Amino acid sequence: MEATLKPTTETKLHISGAEALIRSLLAEQVKMLFGYPGGAIMPVYDALYDFEDELQHVLTRHEQGAIHAAQGFARATGEVGVVLATSGPGATNLITGIADAMIDSTPLVCITGQVGSGLLGSDAFQETDIVSISMPVTKWNCQVTKAEDIPAALAKAFYIAKSGRPGPVLVDITKDAQFKPFDFEYRKCVEIRSYKPAPSLDPIQIKKAAELINEAQKPMILFGQGVILGKAEEEFKQFVEKTGIPSAWTLLGLSALPTDHPLNVGMLGMHGNYGPNKLTNECDVLIAIGMRFDDRVTGNLEHYAKQAKVIHLDIDPAEVNKNVRVDIPVLGDCKKTLSALTQQVRLKSHRTWLEEFRALDKIEYDKVIENELKPEEGALKMGEVINEINELTKGEAILVTDVGQHQMMACRYTKFNQSRSNITSGGLGTMGFCLPAALGAKLGAPEREVIAVIGDGGFQMTIQELGTIFQTEAAVKIVILNNNFLGMVRQWQQLFFDKRYSSTELVNPDFIKIAEGYGIKGKSLSDRDDLSKSIEEMIAYDGSFLLEVKVGKEDNVFPMVPSGASVSDIRLS
Ligand SMILES: Cc1ncc(C[n+]2csc(CCOP(=O)(O)OP(=O)(O)O)c2C)c(N)n1
């Protein structure tokens with residue numbers, strides 16, 4: 001939370017609402033935003049023209065591209081992503097990204113132009129009630145019809161987007177409000193009556209949680225994105241190391257703890273690892289940290305960790321007891337709750353218990369992983385592609401994935417040694433997320449290698465953003481794992497619908513020619529012997545590169561907790 005209410009040095013400028021908007025963004029330290037112009041937002045674009053040196057606007061090829069890019073930017077940097085769009089279709093094109101950011105707790109400020117206030121409700125050209133449409137998928141939204149209300153609306157928007165559990169907000173500004181001059185003054189928002197972003201720490205709950213942890217024989221930690229959002233990676237690591245508790249991650253928690261950490265026992269949920277899924281139903285204390293017991297993680301709730309006492313650390317009280325009954329809720333910012341808890345827990349190791357995870361790892365390795373990572377014959381496998389990427393990036397890269405089999409494979413097998421390295425659409429599972437999100441991540445963290453791993457289906461959902469990559473010259477490395485299928489749906493058709501492949505086979509274009517049309521270097525391969533050197537070439541290349549890897553058409557992702565089954569009924573084949 002900001003400590004003081006300081007007006008900026010630019011107090012009392014007599015400027016238009018549009019310029020006030022730009023100056024408000026600058027006062028919030030925004031340096032980059034993503035968007036697409038149109039009639040109802042033109043005054044803002046006109047004002048932007050004078051601020052090109054201070055505020056970089058990234059013109060995407062579609063508003064969905066803009067919002068996913070802003071999400072990628074926010075996830076890679078920990079800052080608020082900012083999006084600009086016009087009214088009507090511009091605004092509605094943001095909705096998928098807003099819903100995605102809402103469910104994945106990504107801080108975004110979306111600014112939409114609106115028809116003039118005198119036309120509101122008249123079905124004017126490109127009028128749509130975006131405030132009502134976005135209501136259920138925003139953390140907060142509002143419409144501004146007066147220029148003088150713009151700074152306060154923006155200040156509130158930034159405060160709400162990034163405080164507490166982050167999320168997307170939307171500010172809709174009528175065109176007349178953008179035009180009108182007024183005396184501009186900006187004050188950052190530091191509190192809002194009736195909005196309590198983070199519950200304060202309760203020492204009694206901390207004590208109870210510590211006692212239970214100290215007594216536990218088979219405790220297990222489940223960590224989610226809350227650790228990353230709370231910038232609590234270091235506090236988390238200290239807690240894990242002091243308690244010696246095996247720790248498993250959700251899809252969005254991935255990279256909060258290095259993959260190779262001795263207490264990292266892998267991924268939870270539907271395509272997660274064998275050990276943590278099975279042992280969820282054998283542990284005596286389950287410590288959930290910054291995660292929300294999504295159904296993809298829990299499987300059938302009737303058979304989920306019934307034997308365990310549950311401790312849940314979360315910033316959002318609404319998450320506690322939502323899906324899983326919690327014995328000891330520990331509310332608050334996990335940076336604080338974790339360090340308080342670490343002080344009260346005893347230094348321990350759970351060697352025998354950890355060995356149970358490792359024994360199950362061995363089974364999974366022999367039955368699934370070895371053949372995924374080191375197949376000797378047959379078509380290329382998704383896992384071996386990821387394995388080769390690991391060899392070259394040494395856990396340093398940001399991995400951005402789309403949705404489907406490639407996403408599960410990439411998240412299962414990529415190695416990470418630093419946080420904010422795994423960017424994927426978790427809760428909403430939005431195909432088309434990856435390419436623009438990778439662009440946003442690269443623009444936000446240009447010093448880092450950014451690798452987009454995409455399916456041939458999802459790639460074509462936002463393929464137009466190759467144009468933005470071309471124009472911005474962002475050196476995004478794109479790996480299409482091409483199986484000529486909507487692979488994950490095909491897998492379900494194979495396993496649960498008698499192999500009736502209804503509308504899942506794709507006849508694809510020449511992706512390399514398309515890349516080349518956008519000035520992006522491209523290469524295609526299907527031969528195992530070409531894999532390693534092609535990935536090396538891609539990474540060494542000084543610019544954006546698209547690598548199409550033709551993989552087995554009907555490979556499946558295992559292990560798998562079938563829909564409706566218990567996590568302990570996870571299948572290896
Ligand atoms: C916007 C959207 N539409 C539909 C789906 C349902 N869906 C989930 S995975 C998938 C297939 C993805 O295919 P592809 O991108 O080729 O990746 P693969 O599974 O083959 O790796 C589909 C259609 C979705 N997640 N998002």
# chains A, B, ... in the order shown; residues from 1 in each chain; ligands from 1

$ residues_near_ligand --ligand "ligand 1" --cutoff "10 Å" --atoms "only C-alpha atoms and all ligand atoms" --output "MDAnalysis selection string"
chainID A and resid 96 382 401:410 425 428:434 453:461 480:492 503:506 551 553:557

$ residues_around --residues "Thr250 (chain A)" --least-positions-apart "4" --cutoff "8 Å" --atoms "only C-alpha atoms" --output "list in words"
Leu222, Phe223, Gly224, Gln225, Leu254, Met267, Leu268, Gly269, Met291 and Val297 of chain A

$ residues_around --residues "Tyr195 (chain A)" --least-positions-apart "6" --cutoff "12 Å" --atoms "only C-alpha atoms" --output "list in words"
Lys139, Trp140, Lys156, Tyr159, Ile160, Ser163, Gly164 and Arg165 of chain A

$ write_last_selection --atoms "all heavy atoms" --output "CSV table (one decimal), in the first residue's frame"
chain,number,residue,atom,x,y,z
A,139,LYS,N,-12.9,-7.2,-11.2
A,139,LYS,CA,-12.9,-7.0,-9.7
A,139,LYS,C,-13.7,-5.7,-9.4
A,139,LYS,O,-14.3,-5.6,-8.3
A,139,LYS,CB,-11.4,-6.9,-9.3
A,139,LYS,CG,-11.2,-6.9,-7.8
A,139,LYS,CD,-9.7,-6.9,-7.4
A,139,LYS,CE,-9.5,-6.7,-5.9
A,139,LYS,NZ,-8.1,-6.5,-5.6
A,140,TRP,N,-13.7,-4.8,-10.3
A,140,TRP,CA,-14.4,-3.5,-10.1
A,140,TRP,C,-14.5,-2.9,-11.5
A,140,TRP,O,-13.6,-3.0,-12.3
A,140,TRP,CB,-13.6,-2.6,-9.2
A,140,TRP,CG,-14.2,-1.2,-9.0
A,140,TRP,CD1,-15.3,-0.9,-8.2
A,140,TRP,CD2,-13.7,0.0,-9.6
A,140,TRP,NE1,-15.5,0.5,-8.3
A,140,TRP,CE2,-14.5,1.1,-9.1
A,140,TRP,CE3,-12.6,0.3,-10.4
A,140,TRP,CZ2,-14.3,2.4,-9.5
A,140,TRP,CZ3,-12.4,1.7,-10.8
A,140,TRP,CH2,-13.3,2.7,-10.3
A,156,LYS,N,-8.4,4.9,-8.4
A,156,LYS,CA,-9.1,3.8,-7.7
A,156,LYS,C,-8.8,2.5,-8.5
A,156,LYS,O,-8.6,1.4,-7.9
A,156,LYS,CB,-10.6,4.2,-7.7
A,156,LYS,CG,-11.4,3.5,-6.7
A,156,LYS,CD,-12.8,4.2,-6.6
A,156,LYS,CE,-13.7,3.4,-5.8
A,156,LYS,NZ,-15.1,3.9,-5.7
A,159,TYR,N,-5.4,1.1,-7.7
A,159,TYR,CA,-5.4,0.6,-6.3
A,159,TYR,C,-6.1,-0.8,-6.2
A,159,TYR,O,-5.6,-1.7,-5.6
A,159,TYR,CB,-6.0,1.6,-5.4
A,159,TYR,CG,-6.1,1.2,-4.0
A,159,TYR,CD1,-4.9,0.8,-3.3
A,159,TYR,CD2,-7.3,1.1,-3.3
A,159,TYR,CE1,-5.0,0.4,-1.9
A,159,TYR,CE2,-7.4,0.6,-2.0
A,159,TYR,CZ,-6.2,0.3,-1.3
A,159,TYR,OH,-6.3,-0.1,0.0
A,160,ILE,N,-7.3,-0.9,-6.8
A,160,ILE,CA,-8.1,-2.1,-6.7
A,160,ILE,C,-7.4,-3.2,-7.5
A,160,ILE,O,-7.3,-4.4,-7.0
A,160,ILE,CB,-9.5,-1.9,-7.1
A,160,ILE,CG1,-10.2,-0.9,-6.2
A,160,ILE,CG2,-10.3,-3.2,-7.2
A,160,ILE,CD1,-11.6,-0.5,-6.6
A,163,SER,N,-4.1,-4.3,-5.4
A,163,SER,CA,-4.1,-4.6,-3.9
A,163,SER,C,-4.8,-5.9,-3.6
A,163,SER,O,-5.6,-6.4,-4.4
A,163,SER,CB,-4.8,-3.4,-3.2
A,163,SER,OG,-6.1,-3.3,-3.7
A,164,GLY,N,-4.5,-6.4,-2.4
A,164,GLY,CA,-5.2,-7.7,-2.0
A,164,GLY,C,-5.0,-8.8,-3.0
A,164,GLY,O,-3.9,-8.9,-3.6
A,165,ARG,N,-6.1,-9.5,-3.3
A,165,ARG,CA,-6.0,-10.4,-4.4
A,165,ARG,C,-6.2,-9.7,-5.7
A,165,ARG,O,-7.2,-9.1,-5.9
A,165,ARG,CB,-7.1,-11.5,-4.3
A,165,ARG,CG,-7.1,-12.5,-5.4
A,165,ARG,CD,-8.3,-13.5,-5.1
A,165,ARG,NE,-8.2,-14.5,-6.1
A,165,ARG,CZ,-9.0,-15.6,-6.1
A,165,ARG,NH1,-9.8,-15.7,-5.1
A,165,ARG,NH2,-9.0,-16.4,-7.1

$ closest_residue --among "A:Ile539, A:Glu473, A:Ala565, A:Val30" --to "Ala452 (chain A)" --atoms "only C-alpha atoms"
A:Ile539

$ residues_around --residues "Arg325 (chain A)" --least-positions-apart "2" --cutoff "10 Å" --atoms "only C-alpha atoms" --output "list in words"
Leu301, Ala305, Lys306, Lys309, Val310, Ile311, His312, Val320, Asn321, Lys322, Asn323, Asp327, Ile328 and Pro329 of chain A

$ closest_residue --among "A:Glu391, A:Glu233, A:Glu302, A:Glu372" --to "Lys533 (chain A)" --atoms "only C-alpha atoms"
A:Glu391

$ closest_residue --among "A:Ile535, A:Ala474, A:Val227, A:Ile469" --to "Arg61 (chain A)" --atoms "only C-alpha atoms"
A:Ile469

$ closest_residue --among "A:Met135, A:Leu347, A:Leu286, A:Val324" --to "Glu241 (chain A)" --atoms "only C-alpha atoms"
A:Leu347

$ decode --residues "region 56-92 of chain A" --atoms "N, CA, C and O atoms" --output "PDB file, in the first residue's frame"
ATOM      1  N   GLN A  56       4.928   3.855 -24.014  1.00  0.00           N
ATOM      2  CA  GLN A  56       4.936   3.092 -25.269  1.00  0.00           C
ATOM      3  C   GLN A  56       3.599   2.385 -25.458  1.00  0.00           C
ATOM      4  O   GLN A  56       3.185   1.588 -24.617  1.00  0.00           O
ATOM      5  N   HIS A  57       2.934   2.706 -26.555  1.00  0.00           N
ATOM      6  CA  HIS A  57       1.685   2.012 -26.863  1.00  0.00           C
ATOM      7  C   HIS A  57       1.983   0.895 -27.853  1.00  0.00           C
ATOM      8  O   HIS A  57       2.562   1.137 -28.918  1.00  0.00           O
ATOM      9  N   VAL A  58       1.584  -0.312 -27.516  1.00  0.00           N
ATOM     10  CA  VAL A  58       1.806  -1.446 -28.419  1.00  0.00           C
ATOM     11  C   VAL A  58       0.498  -1.713 -29.162  1.00  0.00           C
ATOM     12  O   VAL A  58      -0.509  -2.090 -28.560  1.00  0.00           O
ATOM     13  N   LEU A  59       0.541  -1.468 -30.441  1.00  0.00           N
ATOM     14  CA  LEU A  59      -0.643  -1.680 -31.283  1.00  0.00           C
ATOM     15  C   LEU A  59      -0.710  -3.147 -31.678  1.00  0.00           C
ATOM     16  O   LEU A  59       0.121  -3.636 -32.441  1.00  0.00           O
ATOM     17  N   THR A  60      -1.680  -3.853 -31.104  1.00  0.00           N
ATOM     18  CA  THR A  60      -1.822  -5.269 -31.444  1.00  0.00           C
ATOM     19  C   THR A  60      -2.690  -5.385 -32.698  1.00  0.00           C
ATOM     20  O   THR A  60      -3.043  -4.382 -33.315  1.00  0.00           O
ATOM     21  N   ARG A  61      -3.040  -6.616 -33.062  1.00  0.00           N
ATOM     22  CA  ARG A  61      -3.847  -6.783 -34.267  1.00  0.00           C
ATOM     23  C   ARG A  61      -5.308  -7.094 -33.942  1.00  0.00           C
ATOM     24  O   ARG A  61      -6.130  -7.251 -34.834  1.00  0.00           O
ATOM     25  N   HIS A  62      -5.601  -7.203 -32.666  1.00  0.00           N
ATOM     26  CA  HIS A  62      -6.958  -7.528 -32.219  1.00  0.00           C
ATOM     27  C   HIS A  62      -6.991  -7.175 -30.734  1.00  0.00           C
ATOM     28  O   HIS A  62      -5.976  -7.310 -30.056  1.00  0.00           O
ATOM     29  N   GLU A  63      -8.134  -6.746 -30.244  1.00  0.00           N
ATOM     30  CA  GLU A  63      -8.199  -6.377 -28.819  1.00  0.00           C
ATOM     31  C   GLU A  63      -7.936  -7.585 -27.915  1.00  0.00           C
ATOM     32  O   GLU A  63      -7.408  -7.442 -26.818  1.00  0.00           O
ATOM     33  N   GLN A  64      -8.323  -8.781 -28.366  1.00  0.00           N
ATOM     34  CA  GLN A  64      -8.014  -9.962 -27.541  1.00  0.00           C
ATOM     35  C   GLN A  64      -6.500 -10.114 -27.407  1.00  0.00           C
ATOM     36  O   GLN A  64      -5.984 -10.488 -26.351  1.00  0.00           O
ATOM     37  N   GLY A  65      -5.792  -9.806 -28.507  1.00  0.00           N
ATOM     38  CA  GLY A  65      -4.326  -9.836 -28.468  1.00  0.00           C
ATOM     39  C   GLY A  65      -3.804  -8.817 -27.461  1.00  0.00           C
ATOM     40  O   GLY A  65      -2.863  -9.085 -26.708  1.00  0.00           O
ATOM     41  N   ALA A  66      -4.420  -7.648 -27.436  1.00  0.00           N
ATOM     42  CA  ALA A  66      -3.952  -6.587 -26.526  1.00  0.00           C
ATOM     43  C   ALA A  66      -4.099  -7.031 -25.069  1.00  0.00           C
ATOM     44  O   ALA A  66      -3.183  -6.867 -24.258  1.00  0.00           O
ATOM     45  N   ILE A  67      -5.232  -7.607 -24.759  1.00  0.00           N
ATOM     46  CA  ILE A  67      -5.435  -7.937 -23.337  1.00  0.00           C
ATOM     47  C   ILE A  67      -4.580  -9.144 -22.921  1.00  0.00           C
ATOM     48  O   ILE A  67      -4.002  -9.149 -21.831  1.00  0.00           O
ATOM     49  N   HIS A  68      -4.425 -10.110 -23.799  1.00  0.00           N
ATOM     50  CA  HIS A  68      -3.540 -11.229 -23.422  1.00  0.00           C
ATOM     51  C   HIS A  68      -2.083 -10.748 -23.319  1.00  0.00           C
ATOM     52  O   HIS A  68      -1.330 -11.224 -22.470  1.00  0.00           O
ATOM     53  N   ALA A  69      -1.710  -9.810 -24.178  1.00  0.00           N
ATOM     54  CA  ALA A  69      -0.346  -9.268 -24.081  1.00  0.00           C
ATOM     55  C   ALA A  69      -0.185  -8.551 -22.738  1.00  0.00           C
ATOM     56  O   ALA A  69       0.844  -8.699 -22.058  1.00  0.00           O
ATOM     57  N   ALA A  70      -1.204  -7.798 -22.342  1.00  0.00           N
ATOM     58  CA  ALA A  70      -1.133  -7.097 -21.050  1.00  0.00           C
ATOM     59  C   ALA A  70      -1.061  -8.110 -19.904  1.00  0.00           C
ATOM     60  O   ALA A  70      -0.364  -7.886 -18.902  1.00  0.00           O
ATOM     61  N   GLN A  71      -1.755  -9.233 -20.060  1.00  0.00           N
ATOM     62  CA  GLN A  71      -1.677 -10.281 -19.027  1.00  0.00           C
ATOM     63  C   GLN A  71      -0.265 -10.848 -18.954  1.00  0.00           C
ATOM     64  O   GLN A  71       0.273 -11.069 -17.868  1.00  0.00           O
ATOM     65  N   GLY A  72       0.317 -11.127 -20.122  1.00  0.00           N
ATOM     66  CA  GLY A  72       1.684 -11.665 -20.154  1.00  0.00           C
ATOM     67  C   GLY A  72       2.657 -10.683 -19.519  1.00  0.00           C
ATOM     68  O   GLY A  72       3.539 -11.065 -18.739  1.00  0.00           O
ATOM     69  N   PHE A  73       2.460  -9.406 -19.840  1.00  0.00           N
ATOM     70  CA  PHE A  73       3.302  -8.342 -19.276  1.00  0.00           C
ATOM     71  C   PHE A  73       3.173  -8.334 -17.746  1.00  0.00           C
ATOM     72  O   PHE A  73       4.171  -8.326 -17.025  1.00  0.00           O
ATOM     73  N   ALA A  74       1.927  -8.372 -17.271  1.00  0.00           N
ATOM     74  CA  ALA A  74       1.693  -8.310 -15.819  1.00  0.00           C
ATOM     75  C   ALA A  74       2.266  -9.534 -15.115  1.00  0.00           C
ATOM     76  O   ALA A  74       2.876  -9.431 -14.044  1.00  0.00           O
ATOM     77  N   ARG A  75       2.101 -10.690 -15.716  1.00  0.00           N
ATOM     78  CA  ARG A  75       2.562 -11.922 -15.060  1.00  0.00           C
ATOM     79  C   ARG A  75       4.098 -11.976 -15.034  1.00  0.00           C
ATOM     80  O   ARG A  75       4.686 -12.481 -14.073  1.00  0.00           O
ATOM     81  N   ALA A  76       4.740 -11.454 -16.099  1.00  0.00           N
ATOM     82  CA  ALA A  76       6.214 -11.511 -16.132  1.00  0.00           C
ATOM     83  C   ALA A  76       6.834 -10.465 -15.220  1.00  0.00           C
ATOM     84  O   ALA A  76       7.903 -10.686 -14.659  1.00  0.00           O
ATOM     85  N   THR A  77       6.164  -9.312 -15.086  1.00  0.00           N
ATOM     86  CA  THR A  77       6.800  -8.204 -14.360  1.00  0.00           C
ATOM     87  C   THR A  77       6.289  -8.016 -12.936  1.00  0.00           C
ATOM     88  O   THR A  77       6.953  -7.367 -12.127  1.00  0.00           O
ATOM     89  N   GLY A  78       5.072  -8.485 -12.653  1.00  0.00           N
ATOM     90  CA  GLY A  78       4.475  -8.203 -11.348  1.00  0.00           C
ATOM     91  C   GLY A  78       3.837  -6.821 -11.305  1.00  0.00           C
ATOM     92  O   GLY A  78       3.375  -6.369 -10.258  1.00  0.00           O
ATOM     93  N   GLU A  79       3.810  -6.135 -12.457  1.00  0.00           N
ATOM     94  CA  GLU A  79       3.170  -4.814 -12.505  1.00  0.00           C
ATOM     95  C   GLU A  79       1.747  -4.949 -13.057  1.00  0.00           C
ATOM     96  O   GLU A  79       1.341  -6.018 -13.486  1.00  0.00           O
ATOM     97  N   VAL A  80       1.039  -3.810 -13.073  1.00  0.00           N
ATOM     98  CA  VAL A  80      -0.322  -3.826 -13.620  1.00  0.00           C
ATOM     99  C   VAL A  80      -0.239  -3.742 -15.146  1.00  0.00           C
ATOM    100  O   VAL A  80       0.498  -2.923 -15.687  1.00  0.00           O
ATOM    101  N   GLY A  81      -0.988  -4.580 -15.837  1.00  0.00           N
ATOM    102  CA  GLY A  81      -1.071  -4.497 -17.298  1.00  0.00           C
ATOM    103  C   GLY A  81      -2.161  -3.504 -17.679  1.00  0.00           C
ATOM    104  O   GLY A  81      -3.217  -3.468 -17.040  1.00  0.00           O
ATOM    105  N   VAL A  82      -1.896  -2.686 -18.688  1.00  0.00           N
ATOM    106  CA  VAL A  82      -2.875  -1.657 -19.069  1.00  0.00           C
ATOM    107  C   VAL A  82      -3.313  -1.860 -20.518  1.00  0.00           C
ATOM    108  O   VAL A  82      -2.484  -2.122 -21.395  1.00  0.00           O
ATOM    109  N   VAL A  83      -4.625  -1.759 -20.727  1.00  0.00           N
ATOM    110  CA  VAL A  83      -5.211  -2.032 -22.035  1.00  0.00           C
ATOM    111  C   VAL A  83      -6.126  -0.883 -22.431  1.00  0.00           C
ATOM    112  O   VAL A  83      -6.863  -0.356 -21.596  1.00  0.00           O
ATOM    113  N   LEU A  84      -6.087  -0.549 -23.693  1.00  0.00           N
ATOM    114  CA  LEU A  84      -6.919   0.526 -24.232  1.00  0.00           C
ATOM    115  C   LEU A  84      -7.727  -0.025 -25.390  1.00  0.00           C
ATOM    116  O   LEU A  84      -7.181  -0.702 -26.269  1.00  0.00           O
ATOM    117  N   ALA A  85      -9.036   0.264 -25.416  1.00  0.00           N
ATOM    118  CA  ALA A  85      -9.849  -0.200 -26.547  1.00  0.00           C
ATOM    119  C   ALA A  85     -11.002   0.775 -26.771  1.00  0.00           C
ATOM    120  O   ALA A  85     -11.363   1.552 -25.879  1.00  0.00           O
ATOM    121  N   THR A  86     -11.550   0.684 -27.949  1.00  0.00           N
ATOM    122  CA  THR A  86     -12.675   1.556 -28.252  1.00  0.00           C
ATOM    123  C   THR A  86     -13.982   0.934 -27.742  1.00  0.00           C
ATOM    124  O   THR A  86     -13.985  -0.138 -27.136  1.00  0.00           O
ATOM    125  N   SER A  87     -15.077   1.615 -28.008  1.00  0.00           N
ATOM    126  CA  SER A  87     -16.386   1.139 -27.523  1.00  0.00           C
ATOM    127  C   SER A  87     -16.863  -0.057 -28.352  1.00  0.00           C
ATOM    128  O   SER A  87     -16.190  -0.485 -29.283  1.00  0.00           O
ATOM    129  N   GLY A  88     -18.017  -0.563 -28.046  1.00  0.00           N
ATOM    130  CA  GLY A  88     -18.667  -1.603 -28.853  1.00  0.00           C
ATOM    131  C   GLY A  88     -17.792  -2.826 -29.036  1.00  0.00           C
ATOM    132  O   GLY A  88     -17.365  -3.440 -28.054  1.00  0.00           O
ATOM    133  N   PRO A  89     -17.457  -3.174 -30.300  1.00  0.00           N
ATOM    134  CA  PRO A  89     -16.702  -4.412 -30.530  1.00  0.00           C
ATOM    135  C   PRO A  89     -15.304  -4.381 -29.918  1.00  0.00           C
ATOM    136  O   PRO A  89     -14.774  -5.421 -29.517  1.00  0.00           O
ATOM    137  N   GLY A  90     -14.720  -3.190 -29.851  1.00  0.00           N
ATOM    138  CA  GLY A  90     -13.395  -3.083 -29.221  1.00  0.00           C
ATOM    139  C   GLY A  90     -13.488  -3.547 -27.783  1.00  0.00           C
ATOM    140  O   GLY A  90     -12.671  -4.339 -27.293  1.00  0.00           O
ATOM    141  N   ALA A  91     -14.499  -3.057 -27.097  1.00  0.00           N
ATOM    142  CA  ALA A  91     -14.670  -3.399 -25.678  1.00  0.00           C
ATOM    143  C   ALA A  91     -15.062  -4.864 -25.519  1.00  0.00           C
ATOM    144  O   ALA A  91     -14.497  -5.577 -24.673  1.00  0.00           O
ATOM    145  N   THR A  92     -16.000  -5.336 -26.338  1.00  0.00           N
ATOM    146  CA  THR A  92     -16.434  -6.744 -26.145  1.00  0.00           C
ATOM    147  C   THR A  92     -15.304  -7.720 -26.502  1.00  0.00           C
ATOM    148  O   THR A  92     -15.237  -8.801 -25.933  1.00  0.00           O
TER     149      THR A  92
END
